[in-house]
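Below is one structure, written out as structure tokens; the observations come after it.
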Amino acid sequence: MRTRSLERAAGSAPRQPGREATATLRSQQTERLRLITLFVDADACPVKDEIYVVSTRYGVPVALVANARMHVPHGFGVQLILVDGAPDAADDWIAQNARQADVVVTADILLAARCLAIGARVLGTDGRPFTEDSIGSALATRELKAYLRETGVASGGPRALSTKDRSRFLSKLDELVQRSLRKA
């Protein structure tokens, strides 16, 4: 109030209080949004388009981490991070750069466990979140399936994503990003 009366006394035009408040709010929102990043284990990730939708909605930057070049849309805040061709190079890069409140998208259960340990939120490409409560079971199931494949009892990889899986993924990613933004 005092500032306004001093400005009017000095002969300047009165300010519009709503504009300053709006500018300050936008500045704070922009700062807050930069506090988290979406990290994507991008090699063979089937839900990149859904990730772009959510990242655009919230203005959250995306790091696509891969060991091969791929198309990256311009203007969506997406950056392609190329790592060497070592088997776990993308996983290692994500685990070293993700931090608490970031969101990681991966189908790799070992990477999910590493990211949960640092406090990141982790979502599987089928839309099922990995949590501290569920990661132990997921690791045990992974080991069992690996054993069954080695012994020849089971073969094949994961099933294709259904429309329902994609919808669940989009909804859960939106939810995790909102939670992370509130916590950041």
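In the structure tokens, chains take letters A, B, ... by order of appearance, with residues numbered from 1 within each chain and ligands from 1 in the order shown.
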**OP:** With a distance cut-off of 8 Å and only C-alpha atoms, select the neighbouring residues of segment 45-60 of chain A, excluding the residue or stretch itself and same-chain residues fewer than 4 positions from it, and output the selection as a list in words.
**Re:** Leu33, Arg34, Ile36, Thr37, Leu38, Val40, Asp41, Phe76, Gly77, Val78, Thr106, Ala107, Thr125, Leu161, Arg166, Phe169, Leu170, Leu173 and Asp174 of chain A
Can you write just those residues out, C-alpha atoms, as an mmCIF file, in the first residue's frame?
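Wrote it out as result15.cif, contents follow:
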data_model
loop_
_atom_site.group_PDB
_atom_site.id
_atom_site.type_symbol
_atom_site.label_atom_id
_atom_site.label_comp_id
_atom_site.auth_asym_id
_atom_site.auth_seq_id
_atom_site.Cartn_x
_atom_site.Cartn_y
_atom_site.Cartn_z
ATOM 1 C CA LEU A 33 8.332 -26.843 -12.270
ATOM 2 C CA ARG A 34 12.055 -26.848 -12.901
ATOM 3 C CA ILE A 36 11.659 -32.059 -11.121
ATOM 4 C CA THR A 37 12.576 -33.910 -14.277
ATOM 5 C CA LEU A 38 11.009 -36.889 -16.017
ATOM 6 C CA VAL A 40 12.844 -42.070 -19.376
ATOM 7 C CA ASP A 41 14.684 -45.327 -19.986
ATOM 8 C CA PHE A 76 8.223 -30.087 -25.757
ATOM 9 C CA GLY A 77 11.159 -29.703 -23.359
ATOM 10 C CA VAL A 78 12.536 -33.101 -24.354
ATOM 11 C CA THR A 106 11.212 -47.693 -16.898
ATOM 12 C CA ALA A 107 10.305 -51.334 -17.358
ATOM 13 C CA THR A 125 5.662 -48.620 -18.828
ATOM 14 C CA LEU A 161 0.600 -52.889 -24.168
ATOM 15 C CA ARG A 166 -1.739 -46.904 -22.037
ATOM 16 C CA PHE A 169 0.008 -45.194 -17.702
ATOM 17 C CA LEU A 170 -1.180 -41.715 -18.712
ATOM 18 C CA LEU A 173 2.097 -40.509 -14.770
ATOM 19 C CA ASP A 174 -0.111 -37.446 -14.399
#
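Nearest to Leu181 of chain A of all the residues A:Val65, A:Leu35, A:Ala160, A:Ile109 is A:Leu35, counting only C-alpha atoms.
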**OP:** Please return as a PyMOL selection string: the residues of segment 34-154 of chain A that backbone DSSP assigns to strand (DSSP E or B).
**Re:** chain A and resi 38-41+62-66+78-82+103-105+121-123+129-130
**OP:** Give me every helix (DSSP H, G or I) residue in segment 51-132 of chain A, going by DSSP on the backbone, as a PyMOL selection string.
**Re:** chain A and resi 51-58+89-97+109-117
Subject >> Neighbour list for Pro87 of chain A as a list of chain:residue names, cut-off 12 Å, only C-alpha atoms, skip fewer than 3 positions in-chain >> reply: A:Asp43, A:Ala66, A:Asn67, A:Val83, A:Asp84, A:Ala90, A:Asp91, A:Asp92, A:Trp93
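Going from atom CA of Gly75 of chain A over to atom CA of Pro129 of chain A, you cover 27.7 Å.
As for atom CA of Val177 of chain A and atom CA of Pro61 of chain A, they are spaced 11.2 Å apart.
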